[in-house]
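What follows is the content of start.csv (CSV, C-alpha atoms and all ligand atoms).
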```csv
chain,number,residue,atom,x,y,z
A,26,MET,CA,0.0,0.0,0.0
A,27,SER,CA,1.2,3.5,-0.8
A,28,THR,CA,2.5,5.6,2.0
A,29,GLU,CA,1.9,8.9,0.1
A,30,ASN,CA,0.1,11.5,2.1
A,31,PRO,CA,-3.4,11.4,0.5
A,32,THR,CA,-3.9,15.2,1.1
A,33,HIS,CA,-1.0,15.9,-1.2
A,34,LEU,CA,-3.1,15.9,-4.4
A,35,SER,CA,-1.2,18.3,-6.5
A,36,PRO,CA,-2.2,18.6,-10.1
A,37,ALA,CA,1.3,17.3,-11.1
A,38,MET,CA,1.0,14.2,-8.9
A,39,LEU,CA,-2.6,13.6,-10.1
A,40,ARG,CA,-1.5,13.9,-13.7
A,41,GLN,CA,1.1,11.2,-13.1
A,42,ALA,CA,-1.3,8.9,-11.2
A,43,PHE,CA,-4.0,9.3,-13.9
A,44,GLY,CA,-1.4,8.6,-16.5
A,45,SER,CA,-0.8,5.2,-15.0
A,46,PHE,CA,-4.1,4.2,-16.6
A,47,ALA,CA,-3.3,3.2,-20.2
A,48,THR,CA,-5.9,4.4,-22.7
A,49,GLY,CA,-6.7,4.6,-26.4
A,50,VAL,CA,-6.7,8.0,-28.0
A,51,THR,CA,-9.6,9.7,-29.7
A,52,VAL,CA,-10.2,12.9,-31.7
A,53,VAL,CA,-13.6,14.4,-30.9
A,54,THR,CA,-15.0,16.6,-33.7
A,55,ALA,CA,-18.0,18.8,-34.2
A,56,LEU,CA,-19.1,21.9,-36.1
A,57,ASP,CA,-19.0,25.2,-34.3
A,58,ALA,CA,-21.8,27.8,-34.4
A,59,ARG,CA,-20.5,29.2,-37.7
A,60,GLY,CA,-20.4,25.7,-39.3
A,61,ASN,CA,-16.6,25.4,-39.1
A,62,PRO,CA,-15.1,22.0,-38.1
A,63,VAL,CA,-13.5,21.9,-34.6
A,64,GLY,CA,-11.7,19.0,-33.0
A,65,LEU,CA,-9.5,18.0,-30.0
A,66,THR,CA,-7.5,15.0,-28.9
A,67,ALA,CA,-9.1,13.3,-25.9
A,68,ASN,CA,-8.4,10.2,-23.9
A,69,SER,CA,-11.1,10.7,-21.3
A,70,PHE,CA,-13.5,8.6,-23.5
A,71,SER,CA,-15.4,5.8,-21.8
A,72,ALA,CA,-18.3,3.5,-22.7
A,73,VAL,CA,-21.4,4.1,-20.6
A,74,SER,CA,-24.4,2.2,-21.7
A,75,LEU,CA,-25.5,-0.3,-24.4
A,76,GLU,CA,-29.3,0.3,-24.1
A,77,PRO,CA,-29.6,3.2,-24.6
A,78,PRO,CA,-26.3,3.5,-26.4
A,79,LEU,CA,-24.3,6.1,-24.4
A,80,LEU,CA,-20.7,7.2,-24.1
A,81,LEU,CA,-18.8,9.9,-22.2
A,82,TRP,CA,-15.8,12.1,-22.5
A,83,CYS,CA,-14.6,15.1,-20.6
A,84,ILE,CA,-13.6,18.6,-21.9
A,85,SER,CA,-11.6,21.2,-20.1
A,86,LEU,CA,-13.6,24.3,-19.2
A,87,THR,CA,-10.6,26.5,-20.3
A,88,THR,CA,-9.8,24.9,-23.7
A,89,PRO,CA,-10.4,27.3,-26.7
A,90,SER,CA,-12.9,24.9,-28.3
A,91,PHE,CA,-15.0,24.5,-25.1
A,92,ALA,CA,-18.0,26.6,-26.1
A,93,ALA,CA,-18.2,24.9,-29.5
A,94,PHE,CA,-18.4,21.4,-28.0
A,95,ARG,CA,-20.7,22.5,-25.1
A,96,ASP,CA,-23.2,24.0,-27.6
A,97,CYS,CA,-23.0,21.6,-30.6
A,98,SER,CA,-26.0,19.4,-31.5
A,99,HIS,CA,-23.7,16.4,-32.4
A,100,TYR,CA,-20.1,15.3,-32.2
A,101,ALA,CA,-18.1,12.4,-33.5
A,102,ILE,CA,-15.6,10.4,-31.4
A,103,ASN,CA,-12.9,9.1,-33.8
A,104,VAL,CA,-10.7,6.3,-32.2
A,105,LEU,CA,-7.2,6.6,-33.6
A,106,SER,CA,-5.2,3.7,-35.1
A,107,ALA,CA,-1.5,3.1,-34.3
A,108,ASP,CA,-0.4,5.0,-37.4
A,109,GLN,CA,-2.4,8.2,-36.6
A,110,GLU,CA,0.0,9.7,-33.9
A,111,ASP,CA,0.5,12.7,-36.2
A,112,ILE,CA,-3.3,13.3,-36.1
A,113,SER,CA,-3.3,13.1,-32.3
A,114,ASN,CA,-0.5,15.7,-32.1
A,115,ARG,CA,-2.3,17.9,-34.6
A,116,PHE,CA,-5.5,18.0,-32.6
A,117,ALA,CA,-3.7,18.3,-29.2
A,118,ASN,CA,-2.6,21.9,-29.9
A,119,PRO,CA,-4.6,25.0,-30.7
A,120,SER,CA,-4.5,25.8,-34.4
A,121,ALA,CA,-6.6,27.7,-36.9
A,122,ASP,CA,-7.1,24.9,-39.3
A,123,LYS,CA,-6.6,21.5,-37.8
A,124,PHE,CA,-8.4,19.8,-40.7
A,125,ALA,CA,-6.1,21.1,-43.5
A,126,GLY,CA,-5.4,18.1,-45.8
A,127,LEU,CA,-7.3,15.6,-43.7
A,128,GLU,CA,-9.7,13.2,-45.2
A,129,TRP,CA,-13.2,13.3,-43.5
A,130,THR,CA,-16.9,13.1,-44.2
A,131,PRO,CA,-19.8,14.8,-42.5
A,132,GLY,CA,-21.6,12.6,-40.0
A,133,ALA,CA,-24.7,13.2,-37.8
A,134,GLY,CA,-25.2,16.9,-37.4
A,135,GLY,CA,-22.3,17.5,-39.8
A,136,ALA,CA,-19.7,16.4,-37.2
A,137,PRO,CA,-16.5,15.4,-39.1
A,138,VAL,CA,-15.9,11.6,-39.3
A,139,LEU,CA,-12.2,11.1,-39.8
A,140,ALA,CA,-11.0,8.5,-42.3
A,141,GLY,CA,-8.6,5.7,-41.3
A,142,CYS,CA,-9.8,5.3,-37.7
A,143,ILE,CA,-10.4,2.0,-35.9
A,144,ALA,CA,-13.9,3.2,-34.8
A,145,ASN,CA,-16.1,6.3,-35.3
A,146,PHE,CA,-19.1,7.1,-33.1
A,147,GLU,CA,-21.6,9.7,-34.3
A,148,CYS,CA,-23.4,11.1,-31.2
A,149,ALA,CA,-26.1,13.5,-30.2
A,150,ASN,CA,-24.8,15.9,-27.5
A,151,THR,CA,-27.4,14.9,-24.9
A,152,HIS,CA,-26.1,15.8,-21.4
A,153,GLY,CA,-23.3,17.8,-19.8
A,154,TYR,CA,-22.5,17.3,-16.1
A,155,PRO,CA,-20.2,19.5,-14.0
A,156,GLY,CA,-16.9,17.8,-13.3
A,157,GLY,CA,-14.6,20.2,-11.5
A,158,ASP,CA,-12.4,21.9,-14.1
A,159,HIS,CA,-14.0,19.7,-16.8
A,160,LEU,CA,-17.5,19.2,-18.2
A,161,ILE,CA,-18.5,15.5,-18.4
A,162,MET,CA,-20.1,15.1,-21.9
A,163,VAL,CA,-22.6,12.3,-22.3
A,164,GLY,CA,-23.6,11.5,-25.9
A,165,GLN,CA,-26.2,9.2,-27.4
A,166,ILE,CA,-24.7,7.2,-30.2
A,167,ALA,CA,-26.6,7.5,-33.5
A,168,HIS,CA,-24.2,5.6,-35.7
A,169,CYS,CA,-20.9,3.8,-35.2
A,170,ARG,CA,-18.5,1.9,-37.5
A,171,VAL,CA,-15.6,-0.3,-36.5
A,172,ASN,CA,-12.5,-1.3,-38.4
A,173,LEU,CA,-10.5,-3.1,-35.8
A,174,ASP,CA,-6.8,-2.6,-36.3
A,175,ALA,CA,-3.9,-1.8,-34.1
A,176,PRO,CA,-4.9,1.1,-31.7
A,177,LEU,CA,-2.9,4.2,-30.7
A,178,LEU,CA,-2.3,4.0,-27.0
A,179,PHE,CA,-1.3,6.6,-24.4
A,180,PHE,CA,0.5,5.7,-21.1
A,181,ALA,CA,2.6,7.7,-18.7
A,182,SER,CA,2.4,10.8,-21.0
A,183,LYS,CA,3.7,8.9,-24.0
A,184,TYR,CA,2.3,7.2,-27.0
A,185,ALA,CA,2.6,3.4,-26.9
A,186,ALA,CA,1.6,0.4,-29.1
A,187,LEU,CA,0.3,-3.0,-28.3
A,188,GLN,CA,3.0,-5.7,-28.1
A,189,PRO,CA,2.3,-8.5,-30.5
A,201,LIG,C1,-3.3,12.1,-25.3
A,201,LIG,C2,-4.1,13.3,-25.0
A,201,LIG,C3,-5.3,13.3,-24.4
A,201,LIG,C4,-6.1,14.4,-24.1
A,201,LIG,N1,-7.3,14.3,-23.5
A,201,LIG,C5,-8.0,15.4,-23.3
A,201,LIG,C6,-9.4,15.3,-22.8
A,201,LIG,O1,-9.9,14.2,-22.5
A,201,LIG,N2,-10.1,16.4,-22.6
A,201,LIG,C7,-9.6,17.7,-22.9
A,201,LIG,O2,-10.3,18.7,-22.7
A,201,LIG,N3,-8.3,17.8,-23.4
A,201,LIG,C8,-7.5,16.7,-23.6
A,201,LIG,N4,-6.3,16.8,-24.1
A,201,LIG,C9,-5.8,18.2,-24.4
A,201,LIG,C10,-6.4,18.8,-25.7
A,201,LIG,O3,-6.2,17.9,-26.8
A,201,LIG,C11,-5.6,20.1,-26.1
A,201,LIG,O4,-5.8,21.0,-25.0
A,201,LIG,C12,-6.2,20.7,-27.3
A,201,LIG,O5,-5.4,21.9,-27.6
A,201,LIG,C13,-7.6,21.2,-27.2
A,201,LIG,O6,-8.0,21.8,-28.5
A,201,LIG,P1,-8.4,23.3,-28.6
A,201,LIG,O7,-7.1,24.0,-28.2
A,201,LIG,O8,-8.7,23.6,-30.1
A,201,LIG,O9,-9.5,23.6,-27.7
A,201,LIG,C14,-5.5,15.7,-24.4
A,201,LIG,C15,-4.3,15.8,-25.0
A,201,LIG,C16,-3.5,14.6,-25.3
A,201,LIG,C17,-2.2,14.7,-26.0
```

Do you think you could lay out the structure here as structure tokens?
Amino acid sequence: MSTENPTHLSPAMLRQAFGSFATGVTVVTALDARGNPVGLTANSFSAVSLEPPLLLWCISLTTPSFAAFRDCSHYAINVLSADQEDISNRFANPSADKFAGLEWTPGAGGAPVLAGCIANFECANTHGYPGGDHLIMVGQIAHCRVNLDAPLLFFASKYAALQP
């Protein structure tokens, strides 16, 4: 058992502890109020419910695209493959045109569905719950497609790949 003082929950220590939980990597996409595509890299994705079909992810209240995601009617969760690390990096930094040169098609509500992913979920933006410095976004899945291939993984602040 850890002897760490549990009251010492600094953001740096928590980031390290949360990072011990290996995840896949997604890019969440939507259209903003002007109809322009927006997107961000997120690993806070989780399955929630099969019937009804629900998922969740969390968005930082201070990220530039926050209002666009809070207010959109639909978003798409694009689960990245092992060879899409460049796309993860592109969507993990603020930029005027994250979609330049990317292949995508409009999904439910126009939300960009990225090509080459191992799964895409098109969701209605149904609920947002307060979660401290994040908003917990719960979406109802309207469509999904799966193309199971090697996933991009994230562990201890680094990308990783499944060992064969
Ligand atoms: C692997 C990884 C996972 C991330 N997960 C999240 C997340 O779940 N929620 C979030 O708000 N930001 C997350 N981020 C940070 C955002 O991708 C980053 O702040 C991005 O710049 C947000 O887009 P924006 O600046 O256009 O708003 C993650 C970054 C990385 C590299």

message: I want to know what sits within 6 Å of segment 85-102 of chain A, based on only C-alpha atoms, with residues of the same chain fewer than 2 positions away left out; could you give that as number ranges by chain?
response: A: 52-55, 57, 134, 136, 145-150, 158-159

Around segment 129-142 of chain A, fit a box with edges along x, y and z, padding it by 3 Å on each side, then list its centre and edge lengths in Å to one decimal as lines of an AutoDock Vina configuration file.
```
center_x = -16.9
center_y = 11.4
center_z = -40.7
size_x = 22.6
size_y = 18.2
size_z = 13.0
```

query: Using all atoms listed in the file, which residue out of A:Leu160, A:His152, A:Asp108, A:Leu139 lies closest to Ser69 of chain A?
result: A:Leu160

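For the pair atom CA of Ile112 of chain A and atom CA of Leu81 of chain A, the separation is 21.1 Å.
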
- prompt: Which residue out of A:Cys169, A:Leu187, A:Ala181, A:Ile143 has the minimum interatomic distance to Ala47 of chain A when all atoms listed in the file are used?
  reply: A:Ala181

field: Interatomic distance (Å, one decimal) between atom O1 of ligand LIG 201 (chain A) and atom CA of Ala117 of chain A
entry: 10.0 Å

- request: May I ask which of the residues A:Ile161, A:Ala125, A:Cys142, A:Ala42 is the closest one to Leu173 of chain A, counting only C-alpha atoms?
  value: A:Cys142

Quick one: which chain A residues come within 8 Å of ligand LIG 201 (chain A), and what is the nearest atom pair for each with the distance in Å to one decimal, counting only C-alpha atoms and all ligand atoms, rows ordered by chain and ascending number, as a Markdown table?
```
| residue | atom | partner | partner_atom | distance |
| --- | --- | --- | --- | --- |
| A:Val50 | CA | A:LIG201 | C1 | 6.0 |
| A:Thr51 | CA | A:LIG201 | C3 | 7.7 |
| A:Val63 | CA | A:LIG201 | O8 | 6.8 |
| A:Gly64 | CA | A:LIG201 | O8 | 6.2 |
| A:Leu65 | CA | A:LIG201 | O6 | 4.4 |
| A:Thr66 | CA | A:LIG201 | O3 | 3.8 |
| A:Ala67 | CA | A:LIG201 | N1 | 3.2 |
| A:Asn68 | CA | A:LIG201 | N1 | 4.3 |
| A:Ser69 | CA | A:LIG201 | O1 | 3.9 |
| A:Phe70 | CA | A:LIG201 | O1 | 6.7 |
| A:Trp82 | CA | A:LIG201 | O1 | 6.3 |
| A:Cys83 | CA | A:LIG201 | N2 | 5.1 |
| A:Ile84 | CA | A:LIG201 | O2 | 3.4 |
| A:Ser85 | CA | A:LIG201 | O2 | 3.8 |
| A:Leu86 | CA | A:LIG201 | O2 | 7.4 |
| A:Thr88 | CA | A:LIG201 | O9 | 4.2 |
| A:Pro89 | CA | A:LIG201 | O9 | 3.9 |
| A:Ser90 | CA | A:LIG201 | O9 | 3.7 |
| A:Phe91 | CA | A:LIG201 | O9 | 6.1 |
| A:Ser113 | CA | A:LIG201 | C17 | 6.6 |
| A:Asn114 | CA | A:LIG201 | C17 | 6.4 |
| A:Phe116 | CA | A:LIG201 | O3 | 5.8 |
| A:Ala117 | CA | A:LIG201 | O3 | 3.5 |
| A:Asn118 | CA | A:LIG201 | O5 | 3.6 |
| A:Pro119 | CA | A:LIG201 | O7 | 3.7 |
| A:Ser120 | CA | A:LIG201 | O8 | 6.4 |
| A:His159 | CA | A:LIG201 | O2 | 7.0 |
| A:Phe179 | CA | A:LIG201 | C1 | 5.9 |
| A:Ser182 | CA | A:LIG201 | C1 | 7.3 |
| A:Lys183 | CA | A:LIG201 | C1 | 7.8 |
| A:Tyr184 | CA | A:LIG201 | C1 | 7.6 |
```

- request: Give me, please, the distance in Å between atom CA of Thr151 of chain A and atom CA of Pro131 of chain A, quoted to one decimal.
  value: 19.2 Å

query: Between A:Thr130, A:Gln41, A:Gln188, A:Gln165, which has the minimum distance to Pro62 of chain A (counting only C-alpha atoms)?
result: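 The shortest atom-to-atom distance to Pro62 of chain A comes from A:Thr130.
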
- prompt: In terms of the shortest atom-to-atom distance over all atoms listed in the file, which of A:Val163, A:Ala185, A:Gly157, A:Pro137 is closest to Gly60 of chain A?
  reply: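 Ranked by minimum distance to Gly60 of chain A, first place goes to A:Pro137.
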
query: Between A:Ala133, A:Ala140, A:Leu127, A:Ala107, which one has atoms that come closest to His168 of chain A, using all atoms listed in the file?
result: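 Going through A:Ala133, A:Ala140, A:Leu127, A:Ala107 one by one, the smallest distance to His168 of chain A is for A:Ala133.
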
- prompt: Using only C-alpha atoms, which residues sit within 12 Å of Arg40 of chain A once same-chain residues fewer than 4 positions away are excluded, as a list in words?
  reply: Leu34, Ser35, Pro36, Gly44, Ser45, Phe46, Phe180, Ala181 and Ser182 of chain A

Final N, CA and C atoms of segment 28-57 of chain A as a CSV table (one decimal), in the coordinates of the input:
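Now in result.csv:
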```csv
chain,number,residue,atom,x,y,z
A,28,THR,N,2.4,4.8,0.8
A,28,THR,CA,2.5,5.6,2.0
A,28,THR,C,2.4,7.1,1.7
A,29,GLU,N,2.0,7.5,0.4
A,29,GLU,CA,1.9,8.9,0.1
A,29,GLU,C,0.8,9.5,1.0
A,30,ASN,N,1.1,10.7,1.4
A,30,ASN,CA,0.1,11.5,2.1
A,30,ASN,C,-1.1,11.8,1.2
A,31,PRO,N,-2.3,11.3,1.4
A,31,PRO,CA,-3.4,11.4,0.5
A,31,PRO,C,-3.9,12.9,0.4
A,32,THR,N,-3.5,13.8,1.3
A,32,THR,CA,-3.9,15.2,1.1
A,32,THR,C,-3.0,15.9,0.1
A,33,HIS,N,-1.9,15.3,-0.3
A,33,HIS,CA,-1.0,15.9,-1.2
A,33,HIS,C,-1.4,15.7,-2.7
A,34,LEU,N,-2.6,16.2,-3.0
A,34,LEU,CA,-3.1,15.9,-4.4
A,34,LEU,C,-2.8,17.0,-5.3
A,35,SER,N,-1.5,17.3,-5.5
A,35,SER,CA,-1.2,18.3,-6.5
A,35,SER,C,-1.5,17.9,-7.9
A,36,PRO,N,-1.8,18.9,-8.7
A,36,PRO,CA,-2.2,18.6,-10.1
A,36,PRO,C,-1.1,17.7,-10.8
A,37,ALA,N,0.2,18.0,-10.5
A,37,ALA,CA,1.3,17.3,-11.1
A,37,ALA,C,1.3,15.8,-10.7
A,38,MET,N,1.0,15.6,-9.4
A,38,MET,CA,1.0,14.2,-8.9
A,38,MET,C,-0.2,13.5,-9.5
A,39,LEU,N,-1.4,14.2,-9.5
A,39,LEU,CA,-2.6,13.6,-10.1
A,39,LEU,C,-2.4,13.2,-11.5
A,40,ARG,N,-1.8,14.1,-12.3
A,40,ARG,CA,-1.5,13.9,-13.7
A,40,ARG,C,-0.7,12.6,-13.9
A,41,GLN,N,0.3,12.4,-13.0
A,41,GLN,CA,1.1,11.2,-13.1
A,41,GLN,C,0.3,10.0,-12.7
A,42,ALA,N,-0.5,10.1,-11.7
A,42,ALA,CA,-1.3,8.9,-11.2
A,42,ALA,C,-2.4,8.6,-12.3
A,43,PHE,N,-3.1,9.6,-12.8
A,43,PHE,CA,-4.0,9.3,-13.9
A,43,PHE,C,-3.3,8.7,-15.1
A,44,GLY,N,-2.1,9.1,-15.4
A,44,GLY,CA,-1.4,8.6,-16.5
A,44,GLY,C,-1.0,7.2,-16.4
A,45,SER,N,-1.1,6.6,-15.2
A,45,SER,CA,-0.8,5.2,-15.0
A,45,SER,C,-1.9,4.3,-15.6
A,46,PHE,N,-3.0,4.9,-16.0
A,46,PHE,CA,-4.1,4.2,-16.6
A,46,PHE,C,-4.0,4.3,-18.1
A,47,ALA,N,-3.6,3.2,-18.7
A,47,ALA,CA,-3.3,3.2,-20.2
A,47,ALA,C,-4.7,3.4,-20.9
A,48,THR,N,-4.7,4.2,-21.9
A,48,THR,CA,-5.9,4.4,-22.7
A,48,THR,C,-5.7,4.3,-24.2
A,49,GLY,N,-6.7,4.3,-25.0
A,49,GLY,CA,-6.7,4.6,-26.4
A,49,GLY,C,-6.6,6.1,-26.5
A,50,VAL,N,-6.7,6.6,-27.8
A,50,VAL,CA,-6.7,8.0,-28.0
A,50,VAL,C,-7.8,8.3,-29.1
A,51,THR,N,-8.6,9.3,-28.8
A,51,THR,CA,-9.6,9.7,-29.7
A,51,THR,C,-9.4,11.2,-30.1
A,52,VAL,N,-10.0,11.5,-31.3
A,52,VAL,CA,-10.2,12.9,-31.7
A,52,VAL,C,-11.7,13.1,-31.7
A,53,VAL,N,-12.1,14.1,-30.9
A,53,VAL,CA,-13.6,14.4,-30.9
A,53,VAL,C,-13.8,15.6,-31.8
A,54,THR,N,-14.8,15.5,-32.7
A,54,THR,CA,-15.0,16.6,-33.7
A,54,THR,C,-16.4,17.1,-33.7
A,55,ALA,N,-16.7,18.3,-34.1
A,55,ALA,CA,-18.0,18.8,-34.2
A,55,ALA,C,-17.9,20.0,-35.2
A,56,LEU,N,-19.1,20.6,-35.4
A,56,LEU,CA,-19.1,21.9,-36.1
A,56,LEU,C,-19.4,23.0,-35.1
A,57,ASP,N,-18.7,24.1,-35.2
A,57,ASP,CA,-19.0,25.2,-34.3
A,57,ASP,C,-20.2,26.0,-34.8
```
